[in-house]
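Participant: The file below is structure.txt, compact mmCIF, C-alpha atoms:
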```txt
# COMPACT_ATOMS: atom_id res chain seq x y z
CA MET A 1216 60.46 139.30 141.64
CA THR A 1217 63.20 137.18 140.06
CA SER A 1218 62.09 133.79 138.84
CA LEU A 1219 62.04 131.03 141.44
CA SER A 1220 62.20 128.20 138.89
CA GLN A 1221 64.04 125.05 139.96
CA GLU A 1222 62.77 125.46 143.53
CA ILE A 1223 59.93 123.47 145.08
CA VAL A 1224 58.50 124.20 148.51
CA LEU A 1225 57.45 121.20 150.61
CA ALA A 1226 55.18 121.56 153.63
CA SER A 1227 54.41 118.57 155.85
CA SER A 1228 51.49 118.00 158.17
CA PRO A 1229 51.02 115.81 161.25
CA ASP A 1230 47.72 114.81 159.63
CA GLY A 1231 49.55 112.72 157.01
CA THR A 1232 49.96 114.89 153.90
CA ILE A 1233 53.00 116.58 152.36
CA THR A 1234 52.18 119.28 149.80
CA ALA A 1235 54.55 120.39 147.04
CA PHE A 1236 54.28 123.99 145.79
CA ASP A 1237 55.82 125.65 142.77
CA ALA A 1238 57.73 128.54 144.33
CA SER A 1239 57.42 130.68 141.20
CA SER A 1240 53.66 130.39 140.67
CA GLY A 1241 52.41 129.52 144.15
CA THR A 1242 50.29 126.64 142.87
CA ALA A 1243 50.14 123.22 144.51
CA LEU A 1244 51.92 120.68 142.29
CA GLY A 1245 50.96 117.53 144.14
CA HIS A 1246 50.57 115.71 147.42
CA PHE A 1247 52.47 112.91 149.15
CA THR A 1248 50.40 110.86 151.56
CA GLY A 1249 50.79 108.39 154.40
CA SER A 1250 53.25 110.14 156.73
CA ARG A 1251 52.27 111.68 160.05
CA SER A 1252 55.35 113.83 160.19
CA PRO A 1253 56.36 115.64 163.42
CA ARG A 1254 58.33 118.88 163.70
CA LYS A 1255 61.61 118.83 161.77
CA GLY A 1256 60.62 115.43 160.39
CA LEU A 1257 60.96 116.30 156.69
CA THR A 1258 64.02 116.58 154.45
CA VAL A 1259 65.10 116.31 150.82
CA ILE A 1260 67.63 113.59 149.97
CA GLY A 1261 69.86 114.52 147.06
CA THR A 1262 67.69 115.53 144.13
CA ASN A 1263 65.35 112.59 143.72
CA LEU A 1264 64.03 111.54 147.15
CA ILE A 1265 61.99 113.00 149.99
CA ALA A 1266 62.23 111.58 153.53
CA ALA A 1267 59.52 111.98 156.15
CA ALA A 1268 59.48 110.67 159.70
CA HIS A 1269 56.26 108.82 160.44
CA VAL A 1270 54.82 108.62 163.94
CA SER A 1271 52.15 106.03 164.66
CA PRO A 1272 50.31 105.85 168.00
CA ASP A 1273 49.80 102.12 167.49
CA ILE A 1274 53.45 101.01 167.58
CA ALA A 1275 56.39 101.74 169.86
CA SER A 1276 58.99 101.66 167.09
CA GLY A 1277 59.51 104.33 164.44
CA SER A 1278 59.48 104.55 160.68
CA ILE A 1279 60.87 106.78 157.95
CA HIS A 1280 59.10 106.99 154.60
CA LEU A 1281 60.99 107.65 151.36
CA TYR A 1282 59.16 109.17 148.39
CA ASN A 1283 60.11 109.50 144.75
CA TRP A 1284 59.00 112.75 143.17
CA TRP A 1285 56.70 110.95 140.76
CA SER A 1286 54.75 108.88 143.29
CA PRO A 1287 52.32 110.15 145.96
CA THR A 1288 52.87 107.08 148.15
CA PRO A 1289 56.09 105.96 149.90
CA SER A 1290 58.47 103.86 147.82
CA HIS A 1291 60.40 102.64 150.88
CA HIS A 1292 59.56 102.17 154.56
CA LEU A 1293 62.68 102.30 156.74
CA PRO A 1294 62.11 100.79 160.20
CA VAL A 1295 63.78 102.43 163.20
CA SER A 1296 64.00 101.01 166.72
CA GLU A 1297 62.22 104.01 168.29
CA PRO A 1298 59.99 106.92 167.22
CA VAL A 1299 62.09 109.56 165.46
CA GLY A 1300 61.40 113.17 164.55
CA PRO A 1301 64.19 115.41 163.22
CA LEU A 1302 65.86 114.30 159.98
CA ALA A 1303 68.99 115.47 158.13
CA ALA A 1304 70.51 114.01 154.96
CA THR A 1305 74.02 114.41 153.58
CA PHE A 1306 74.11 116.58 150.47
CA VAL A 1307 74.90 113.76 148.06
CA GLY A 1308 72.08 111.71 149.53
CA PHE A 1309 73.81 108.50 150.58
CA PHE A 1310 73.23 108.88 154.34
CA LEU A 1311 70.39 109.96 156.61
CA PHE A 1312 70.43 110.95 160.29
CA ALA A 1313 67.29 110.56 162.43
CA GLY A 1314 66.89 111.95 165.95
CA GLY A 1315 65.05 109.75 168.44
CA ILE A 1316 63.00 110.38 171.56
CA SER A 1317 65.68 108.60 173.61
CA GLY A 1318 68.27 111.27 172.82
CA GLN A 1319 70.03 109.00 170.36
CA ILE A 1320 70.72 109.64 166.67
CA HIS A 1321 70.46 106.84 164.12
CA ALA A 1322 72.74 106.94 161.05
CA LEU A 1323 71.25 105.08 158.06
CA SER A 1324 72.62 104.15 154.65
CA LEU A 1325 70.41 105.00 151.67
CA PRO A 1326 68.40 103.80 149.93
CA SER A 1327 68.64 100.45 151.76
CA GLY A 1328 67.96 101.91 155.20
CA ASP A 1329 70.70 99.76 156.75
CA LEU A 1330 71.73 101.02 160.18
CA ILE A 1331 75.35 102.20 160.26
CA GLN A 1332 75.37 103.08 163.94
CA THR A 1333 73.37 104.63 166.76
CA PHE A 1334 75.01 107.17 169.07
CA SER A 1335 73.97 109.19 172.11
CA ALA A 1336 73.49 112.94 171.78
CA HIS A 1337 71.33 114.27 174.61
CA ASN A 1338 71.41 112.07 177.71
CA ASN A 1339 67.99 110.45 177.43
CA LYS A 1340 66.26 113.69 176.37
CA PRO A 1341 64.62 113.74 172.90
CA VAL A 1342 66.48 115.15 169.92
CA SER A 1343 64.59 118.29 168.84
CA CYS A 1344 66.44 119.41 165.68
CA LEU A 1345 69.28 118.41 163.35
CA LYS A 1346 71.40 120.48 160.97
CA ILE A 1347 74.33 119.70 158.64
CA ASN A 1348 76.70 122.61 158.04
CA ASP A 1349 77.37 124.23 154.68
CA ASP A 1350 80.35 122.06 153.67
CA GLY A 1351 78.76 118.82 154.87
CA SER A 1352 81.44 118.03 157.45
CA LEU A 1353 79.55 118.60 160.72
CA LEU A 1354 76.23 117.49 162.18
CA PHE A 1355 74.59 119.75 164.78
CA SER A 1356 71.99 118.28 167.11
CA GLY A 1357 69.70 120.29 169.37
CA GLY A 1358 67.92 118.61 172.26
CA GLU A 1359 65.18 119.06 174.79
CA ASP A 1360 67.98 119.24 177.38
CA GLY A 1361 68.85 122.71 176.01
CA THR A 1362 72.25 121.65 174.66
CA ILE A 1363 73.75 121.50 171.18
CA ALA A 1364 75.98 118.55 170.29
CA VAL A 1365 78.41 118.78 167.36
CA PHE A 1366 79.65 115.68 165.51
CA SER A 1367 82.15 114.98 162.75
CA ILE A 1368 80.16 113.26 160.00
CA PHE A 1369 83.28 111.48 158.76
CA LYS A 1370 83.76 109.84 162.17
CA LEU A 1371 80.08 108.94 162.46
CA LEU A 1372 80.19 107.08 159.15
CA ASP A 1373 83.58 105.44 159.72
CA ILE A 1374 82.61 101.84 160.45
CA SER A 1375 86.18 101.02 161.51
CA SER A 1376 86.22 103.58 164.35
CA ASP A 1377 85.91 102.59 168.01
CA LYS A 1378 82.22 103.01 168.87
CA SER A 1379 82.99 102.91 172.59
CA ASN A 1380 84.51 106.40 172.48
CA ASP A 1381 82.42 109.55 172.87
CA VAL A 1382 81.69 110.78 169.36
CA VAL A 1383 80.68 114.31 170.44
CA LEU A 1384 83.15 116.83 169.02
CA HIS A 1385 81.77 119.84 170.92
CA ARG A 1386 78.85 120.52 173.20
CA PHE A 1387 77.31 123.98 173.60
CA ILE A 1388 75.46 124.63 176.86
CA GLY A 1389 73.42 127.77 177.37
CA HIS A 1390 69.74 127.46 176.54
CA GLU A 1391 67.28 127.01 179.39
CA SER A 1392 64.70 125.11 177.33
CA VAL A 1393 64.25 123.06 174.15
CA VAL A 1394 66.52 123.97 171.21
CA THR A 1395 64.08 124.43 168.33
CA SER A 1396 66.36 125.20 165.38
CA ILE A 1397 70.01 125.62 164.37
CA THR A 1398 71.64 127.27 161.38
CA ALA A 1399 75.34 127.34 160.51
CA GLY A 1400 77.36 129.35 158.03
CA ILE A 1401 80.55 128.64 156.13
CA GLY A 1402 84.08 128.88 157.48
CA GLY A 1403 84.75 125.73 159.50
CA SER A 1404 85.73 126.51 163.09
CA ASN A 1405 85.16 130.23 162.48
CA SER A 1406 81.66 129.82 161.05
CA THR A 1407 78.68 131.58 162.55
CA ILE A 1408 76.30 129.23 164.39
CA ILE A 1409 72.90 130.46 165.55
CA SER A 1410 70.47 128.51 167.70
CA CYS A 1411 67.00 129.37 168.95
CA SER A 1412 64.89 127.98 171.74
CA LEU A 1413 61.61 127.91 173.58
CA ASP A 1414 63.39 130.08 176.17
CA CYS A 1415 62.68 133.06 173.83
CA THR A 1416 66.34 133.55 172.87
CA CYS A 1417 68.70 133.22 169.95
CA LYS A 1418 72.32 132.48 170.78
CA PHE A 1419 75.41 132.98 168.59
CA TRP A 1420 78.32 130.53 168.77
CA ASN A 1421 81.44 129.35 167.04
CA LEU A 1422 83.48 126.20 167.51
CA ALA A 1423 86.43 128.04 169.03
CA HIS A 1424 84.38 129.21 172.03
CA GLY A 1425 82.26 127.02 174.27
CA ALA A 1426 80.16 129.87 175.64
CA PRO A 1427 77.68 131.83 173.51
CA LEU A 1428 79.17 134.94 171.91
CA CYS A 1429 75.87 136.76 172.14
CA THR A 1430 72.30 136.20 173.35
CA ILE A 1431 69.30 138.04 171.93
CA THR A 1432 65.99 137.90 173.79
CA PHE A 1433 62.63 138.04 171.98
CA PRO A 1434 59.10 138.73 173.24
CA CYS A 1435 57.99 135.18 172.37
CA THR A 1436 59.26 131.65 171.88
CA ILE A 1437 61.23 131.08 168.67
CA TRP A 1438 60.62 128.16 166.30
CA GLY A 1439 63.14 128.80 163.54
CA VAL A 1440 66.20 130.77 162.45
CA GLU A 1441 67.94 131.25 159.09
CA MET A 1442 70.80 133.30 157.60
CA ASP A 1443 71.11 134.64 154.09
CA SER A 1444 73.82 133.20 151.84
CA MET A 1445 76.13 136.18 152.46
CA GLU A 1446 75.69 135.83 156.24
CA SER A 1447 74.83 139.51 156.42
CA GLU A 1448 71.39 139.09 157.97
CA PHE A 1449 69.50 136.57 160.10
CA PHE A 1450 65.77 135.86 160.25
CA VAL A 1451 63.72 134.51 163.14
CA ALA A 1452 60.30 132.81 163.24
CA GLY A 1453 58.22 133.90 166.21
CA SER A 1454 55.39 132.06 167.92
CA ASP A 1455 53.52 135.40 167.91
CA GLY A 1456 53.15 135.14 164.11
CA PHE A 1457 55.77 137.79 163.34
CA LEU A 1458 59.12 137.56 161.59
CA TYR A 1459 62.15 139.29 163.06
CA SER A 1460 65.48 140.10 161.41
CA GLY A 1461 68.83 141.52 162.41
CA ALA A 1462 72.09 142.49 160.74
CA LEU A 1463 75.29 140.46 161.02
CA LYS A 1464 78.30 142.75 160.75
CA GLY A 1465 82.05 142.59 161.03
CA GLY A 1466 82.65 138.95 161.93
CA ASN A 1467 81.58 136.99 164.96
CA ARG A 1468 83.12 138.78 167.93
CA ASN A 1469 82.89 142.35 166.60
CA MET A 1470 79.40 141.70 165.35
CA VAL A 1471 77.98 140.62 168.67
CA LYS A 1472 79.66 143.37 170.70
CA GLN A 1473 77.96 146.06 168.63
CA GLY A 1474 74.54 144.91 169.80
CA GLN A 1475 71.62 144.01 167.62
CA LYS A 1476 68.86 146.21 166.30
CA LEU A 1477 65.96 143.86 165.66
CA VAL A 1478 63.35 144.60 163.03
CA LYS A 1479 59.83 143.22 163.43
CA TRP A 1480 58.21 142.77 160.03
CA GLU A 1481 54.79 144.37 159.71
CA GLN A 1482 52.71 141.59 158.17
CA LYS A 1483 51.75 138.80 160.51
CA HIS A 1484 50.74 135.15 160.21
CA TYR A 1485 47.55 134.22 162.08
CA GLY A 1486 49.40 131.58 164.02
CA ALA A 1487 52.92 130.70 165.16
CA VAL A 1488 55.56 130.70 162.41
CA VAL A 1489 56.84 127.12 162.55
CA GLY A 1490 59.22 127.07 159.58
CA LEU A 1491 61.22 129.35 157.31
CA ALA A 1492 63.75 128.92 154.50
CA MET A 1493 65.68 131.10 152.06
CA THR A 1494 64.83 130.98 148.35
CA ASN A 1495 65.87 132.70 145.14
CA GLY A 1496 69.48 133.23 146.17
CA GLY A 1497 68.52 134.95 149.42
CA ARG A 1498 66.24 137.51 147.79
CA ASN A 1499 63.16 135.77 149.14
CA LEU A 1500 62.10 134.05 152.32
CA VAL A 1501 59.37 131.40 152.53
CA THR A 1502 57.52 130.93 155.82
CA ALA A 1503 54.88 128.54 157.13
CA SER A 1504 52.45 129.03 159.97
CA GLU A 1505 50.88 126.40 162.16
CA ASN A 1506 47.48 127.55 160.86
CA GLY A 1507 48.37 126.29 157.36
CA SER A 1508 49.44 129.47 155.52
CA VAL A 1509 52.62 129.46 153.40
CA TRP A 1510 53.98 132.84 152.25
CA ILE A 1511 56.89 134.07 150.16
CA TRP A 1512 58.44 137.39 151.21
CA ASP A 1513 60.62 139.94 149.48
CA VAL A 1514 63.54 140.23 151.90
CA GLU A 1515 64.53 143.77 150.95
CA ARG A 1516 61.01 145.19 151.21
CA LYS A 1517 59.95 142.82 154.01
CA GLU A 1518 56.60 142.28 152.31
CA VAL A 1519 54.59 139.22 151.29
CA VAL A 1520 54.74 138.85 147.50
CA ARG A 1521 53.10 135.47 147.04
CA VAL A 1522 50.80 133.09 148.87
CA LEU A 1523 51.41 129.41 148.11
CA GLY A 1524 48.21 127.45 147.61
CA GLY A 1525 45.36 127.71 150.08
CA GLU A 1526 45.16 126.95 153.77
CA MET A 1527 46.39 123.36 154.18
CA GLY A 1528 45.64 122.82 157.85
CA SER A 1529 48.32 122.29 160.47
CA ILE A 1530 51.95 122.44 159.24
CA SER A 1531 54.78 120.66 161.04
CA GLU A 1532 57.76 121.49 158.81
CA LEU A 1533 58.82 123.43 155.72
CA VAL A 1534 61.76 122.72 153.38
CA VAL A 1535 62.84 123.98 149.96
CA ALA A 1536 64.12 121.58 147.30
CA LYS A 1537 66.62 123.30 145.02
CA GLY A 1538 68.63 122.55 141.90
CA PHE A 1539 66.04 120.92 139.67
CA GLY A 1540 67.05 120.81 136.00
CA LEU A 1541 70.70 121.53 136.78
CA GLY A 1542 73.66 119.36 135.87
CA ASP A 1543 74.02 116.80 133.11
CA GLY A 1544 72.17 113.95 134.82
CA ASN A 1545 73.71 110.59 135.76
CA SER A 1546 75.95 112.41 138.26
CA GLU A 1547 78.62 110.35 139.93
CA VAL A 1548 80.56 110.76 143.17
CA ASN A 1549 83.46 108.47 144.02
CA GLY A 1550 82.32 106.08 141.32
CA ARG A 1551 78.79 105.79 142.74
CA SER A 1552 76.02 106.88 140.40
CA LEU A 1553 73.20 109.01 141.76
CA GLU A 1554 71.00 107.21 139.22
CA PHE A 1555 68.74 110.08 138.26
CA SER A 1556 68.07 111.99 135.08
CA SER A 1557 68.04 115.76 135.52
CA ARG A 1558 65.73 115.97 132.53
CA GLU A 1559 63.15 113.83 134.37
CA VAL A 1560 63.64 115.52 137.74
CA SER A 1561 63.14 118.95 136.16
CA ARG A 1562 59.63 118.03 135.00
CA PRO A 1563 56.81 119.63 136.97
CA VAL A 1564 55.83 117.30 139.77
CA ARG A 1565 52.22 117.19 138.61
CA GLU A 1566 53.27 115.99 135.14
CA VAL A 1567 55.58 113.36 136.57
CA MET A 1568 52.83 112.04 138.85
CA GLU A 1569 50.63 111.60 135.77
CA MET A 1570 53.43 109.53 134.26
CA GLU A 1571 52.99 107.00 137.07
CA LYS A 1572 49.58 106.05 135.71
CA VAL A 1573 51.03 105.52 132.23
CA LEU A 1574 53.90 103.51 133.68
CA GLY A 1575 51.39 101.38 135.56
CA VAL A 1576 49.61 100.54 132.30
CA LEU A 1577 52.93 99.81 130.60
CA GLU A 1578 53.90 97.52 133.47
CA GLU A 1579 50.60 95.66 133.14
CA ASP A 1580 51.14 95.30 129.37
CA ARG A 1581 54.67 94.11 130.06
CA SER A 1582 53.38 91.45 132.46
CA LYS A 1583 50.87 90.25 129.86
CA ALA A 1584 53.61 90.10 127.23
CA ILE A 1585 55.81 88.06 129.55
CA ASP A 1586 52.93 85.65 130.25
CA THR A 1587 52.28 85.28 126.51
CA LEU A 1588 55.97 84.69 125.84
CA GLY A 1589 56.07 82.09 128.59
CA SER A 1590 53.12 80.24 127.06
CA ALA A 1591 54.77 80.35 123.64
CA ILE A 1592 58.02 78.97 125.02
CA GLU A 1593 56.12 76.18 126.78
CA ALA A 1594 54.33 75.27 123.52
CA HIS A 1595 57.61 75.26 121.58
CA GLU A 1596 59.19 73.02 124.21
CA LYS A 1597 56.33 70.51 123.84
CA LEU A 1598 56.60 70.64 120.04
CA LEU A 1599 60.35 70.11 120.20
CA GLY A 1600 59.80 67.12 122.48
CA LEU A 1601 57.41 65.52 119.97
CA ILE A 1602 59.84 66.10 117.09
CA LEU A 1603 62.68 64.49 119.02
CA LYS A 1604 60.45 61.56 119.98
CA GLU A 1605 59.44 60.97 116.35
CA ALA A 1606 63.03 61.28 115.20
CA LYS A 1607 64.10 58.69 117.75
CA MET A 1608 61.35 56.28 116.68
CA GLY A 1609 62.36 56.71 113.03
CA SER A 1610 65.95 55.96 113.90
CA ASN A 1611 64.94 52.73 115.67
CA CYS A 1612 62.91 51.59 112.64
CA ASP A 1613 65.86 52.13 110.30
CA SER A 1614 68.06 50.02 112.57
CA SER A 1615 65.52 47.15 112.54
CA ASP A 1616 65.30 47.18 108.70
CA GLU A 1617 69.08 46.92 108.40
CA GLU A 1618 69.17 43.89 110.74
CA GLU A 1619 66.46 42.07 108.67
CA ASP A 1620 68.42 42.68 105.44
CA ASP A 1621 71.53 41.12 107.00
CA ILE A 1622 69.59 37.96 107.91
```
Do you think you could lay out the structure here as structure tokens?

Facilitator:
Amino acid sequence: MTSLSQEIVLASSPDGTITAFDASSGTALGHFTGSRSPRKGLTVIGTNLIAAAHVSPDIASGSIHLYNWWSPTPSHHLPVSEPVGPLAATFVGFFLFAGGISGQIHALSLPSGDLIQTFSAHNNKPVSCLKINDDGSLLFSGGEDGTIAVFSIFKLLDISSDKSNDVVLHRFIGHESVVTSITAGIGGSNSTIISCSLDCTCKFWNLAHGAPLCTITFPCTIWGVEMDSMESEFFVAGSDGFLYSGALKGGNRNMVKQGQKLVKWEQKHYGAVVGLAMTNGGRNLVTASENGSVWIWDVERKEVVRVLGGEMGSISELVVAKGFGLGDGNSEVNGRSLEFSSREVSRPVREVMEMEKVLGVLEEDRSKAIDTLGSAIEAHEKLLGLILKEAKMGSNCDSSDEEEDDI
């Protein structure tokens, strides 16, 4: 199998732990704690942050936790007015979208967490999934109302726009139950869009047609769908523990008229497949089951080639962080620095976490040095005051002697 370096698999749990795996070796690199993350409540922000939705039964509001790669605990806590689940971040990492239980989506600026705006997506039904398309121009939102809302990200982030207008660019109606996942290809209005649902179907869409181009029915509910980078094949995560795949041929309309021959992969998870993602340039697929197993598959052979770590308990979401060690560091977009060093980000997560302990000691030594310097400055100030006082007294004595000589 081709090397999977520069890719890290993240699996979240509603129990409060996010585990990072090295995709090439299958070993656990580290853990991030403190976030009870629901389904779709995990995403990677740029190349240096992880965001996890946190649901607490004790409070009515919501929270999003931001993690640096080198720290197991959250570095920021972003408050949200309601509990949120699905998350999606722009590719550069300056903005984050969070789907709420009210059917609204909250757009936040990063890393401050300042609210840019809140907009309605699903008519008081919870947002169930979010997806940003390949060129970063569109946000897709699936809801428990069975619809898919499409938004222009530029308009959502334009603070000068009229917020009273409906910001929905398109709305797809067709599913009879909760939309569980959405994937979108390249090509703008002609791109392939696939959605899946608890109604046991996958539907194919494009922006030029409001109705689904094709509907494929499965023997179970579907929790996830992905396409390869060439958009030649799609992959489906079944609640029966199986993976399914089908060929995409000849463009949207021709492709769906030919009908689909589905392939059920032989090996089976011992639990519903709740997440899947492409790795290694589309040559591999990583899947996660609700029973805690994380597997990497060879797409061509449709076989499991690696098991990541051990059983980690319940899994709520799976994402793959890509691009570590690439670029020249200190990247800049529109004059805004991403403020990360690719050399540091490319370090194994375990090594970087160990650095935190060293940095903690250095910070303590720095504090002691500052305290010592402050004491030294205070002593010098007192000494300088005494010198000035003595100099002033000496000056007064000289003046008195001169007056006596004149008399």

Participant: List as a tab-separated table every residue of stretch 1340-1430 of chain A that is in contact with stretch 1233-1257 of chain A, defined as an atom at most 8 Å from one of its atoms (using all atoms listed in the file), together with the nearest atom pair and the distance in Å rounded to one decimal, sorted by chain and then rising number.

Facilitator:
```
residue	atom	partner	partner_atom	distance
A:Ser1343	CA	A:Lys1255	CA	7.7
A:Cys1344	CA	A:Lys1255	CA	6.2
A:Leu1345	CA	A:Lys1255	CA	7.8
```

Participant: With distances taken over only C-alpha atoms, which residue among A:Asn1348, A:Cys1415, A:Ala1487, A:Thr1432 lies nearest A:Ile1397?

Facilitator: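 Ranked by minimum distance to A:Ile1397, first place goes to A:Asn1348.
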
Participant: What's around A:Gly1277 at 8 Å? Count all atoms listed in the file, leave out sequence neighbours fewer than 5 positions away in its own chain, and write the answer as a PDB file with C-alpha atoms, in the coordinates of the input.

Facilitator:
```
ATOM      1  CA  ALA A1268      59.480 110.670 159.700  1.00  0.00           C
ATOM      2  CA  HIS A1269      56.260 108.820 160.440  1.00  0.00           C
ATOM      3  CA  VAL A1270      54.820 108.620 163.940  1.00  0.00           C
ATOM      4  CA  SER A1271      52.150 106.030 164.660  1.00  0.00           C
ATOM      5  CA  PRO A1294      62.110 100.790 160.200  1.00  0.00           C
ATOM      6  CA  VAL A1295      63.780 102.430 163.200  1.00  0.00           C
ATOM      7  CA  SER A1296      64.000 101.010 166.720  1.00  0.00           C
ATOM      8  CA  GLU A1297      62.220 104.010 168.290  1.00  0.00           C
ATOM      9  CA  PRO A1298      59.990 106.920 167.220  1.00  0.00           C
ATOM     10  CA  VAL A1299      62.090 109.560 165.460  1.00  0.00           C
TER      11      VAL A1299
END
```

Participant: Sorted by chain and rising residue number, list the residues of stretch 1383-1425 of chain A at most 8 Å from stretch 1349-1355 of chain A (counting all atoms listed in the file), each with its closest atom pair and distance in Å to one decimal, as a tab-separated table.

Facilitator:
```
residue	atom	partner	partner_atom	distance
A:Ile1397	CA	A:Phe1355	CA	7.5
A:Ala1399	CA	A:Asp1349	CA	6.9
A:Gly1400	CA	A:Asp1349	CA	6.1
A:Ile1401	CA	A:Asp1349	CA	5.6
```

Participant: Go ahead and compute the interatomic distance for atom CA of A:Ser1317 and atom CA of A:Pro1341, in Å to one decimal.

Facilitator: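 Calculated distance between atom CA of A:Ser1317 and atom CA of A:Pro1341 is 5.3 Å.
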
Participant: Expressed in Å to a single decimal, how great is the separation between atom CA of A:Val1514 and atom CA of A:Asn1499?

Facilitator: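 Atom CA of A:Asn1499 lies 5.3 Å from atom CA of A:Val1514.
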
Participant: With a distance cut-off of 10 Å and all atoms listed in the file, select the neighbouring residues of A:Leu1491, excluding the residue or stretch itself and same-chain residues fewer than 2 positions from it, and output the selection as a count of residues only.

Facilitator: 24

Participant: I need the residue nearest A:Ser1335 from this list: A:Val1383, A:Val1307, A:Ala1536, A:Ser1508. Use all atoms listed in the file for the distance.

Facilitator: A:Val1383

Participant: Smallest atom-to-atom distance to A:Ser1286: which of A:Leu1264, A:Leu1325, A:Val1382, A:Val1478, using only C-alpha atoms?

Facilitator: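 The shortest atom-to-atom distance to A:Ser1286 comes from A:Leu1264.
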
Participant: Could you check how far atom CA of A:Thr1305 sits from atom CA of A:Ser1392, in Å to one decimal?

Facilitator: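 Atom-to-atom, atom CA of A:Thr1305 and atom CA of A:Ser1392 are spaced 27.7 Å apart.
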
Participant: Near A:Leu1293, within 12 Å and counting only C-alpha atoms, which residues show up once chain neighbours fewer than 4 positions away are dropped, as a ChimeraX atom specification?

Facilitator: /A:1266-1269,1276-1282,1289,1297-1299,1311,1313,1321-1330

Participant: Please provide as a PyMOL selection string all residues within 9 Å of A:Lys1340, with the sequence filter that same-chain residues fewer than 6 positions apart are discarded (counting only C-alpha atoms).

Facilitator: chain A and resi 1315-1319+1358-1360

Participant: At a cut-off of 12 Å, using only C-alpha atoms, what residues contact A:Arg1498? Leave out same-chain residues fewer than 5 positions from it and give the result as a PyMOL selection string.

Facilitator: chain A and resi 1216-1219+1442-1445+1448+1492-1493+1511-1518+1520

Participant: Find, counting all atoms listed in the file, the residue in A:Pro1287, A:Gly1486, A:Pro1427, A:Gly1453 that gets nearest to A:Thr1232.

Facilitator: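 Looking only at the distances to A:Thr1232, the closest residue turns out to be A:Pro1287.
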
Participant: Compare A:Pro1229, A:Phe1312, A:Ala1364, A:Glu1391 by their minimum atom-to-atom distance to A:Ala1336, counting only C-alpha atoms, and give me the closest one.

Facilitator: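 Result for the nearest residue to A:Ala1336: A:Ala1364.
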
Participant: Of the residues A:Ile1260, A:Val1522, A:Ile1274, A:Ile1331, which is the one nearest to A:Leu1302, using all atoms listed in the file?

Facilitator: A:Ile1260
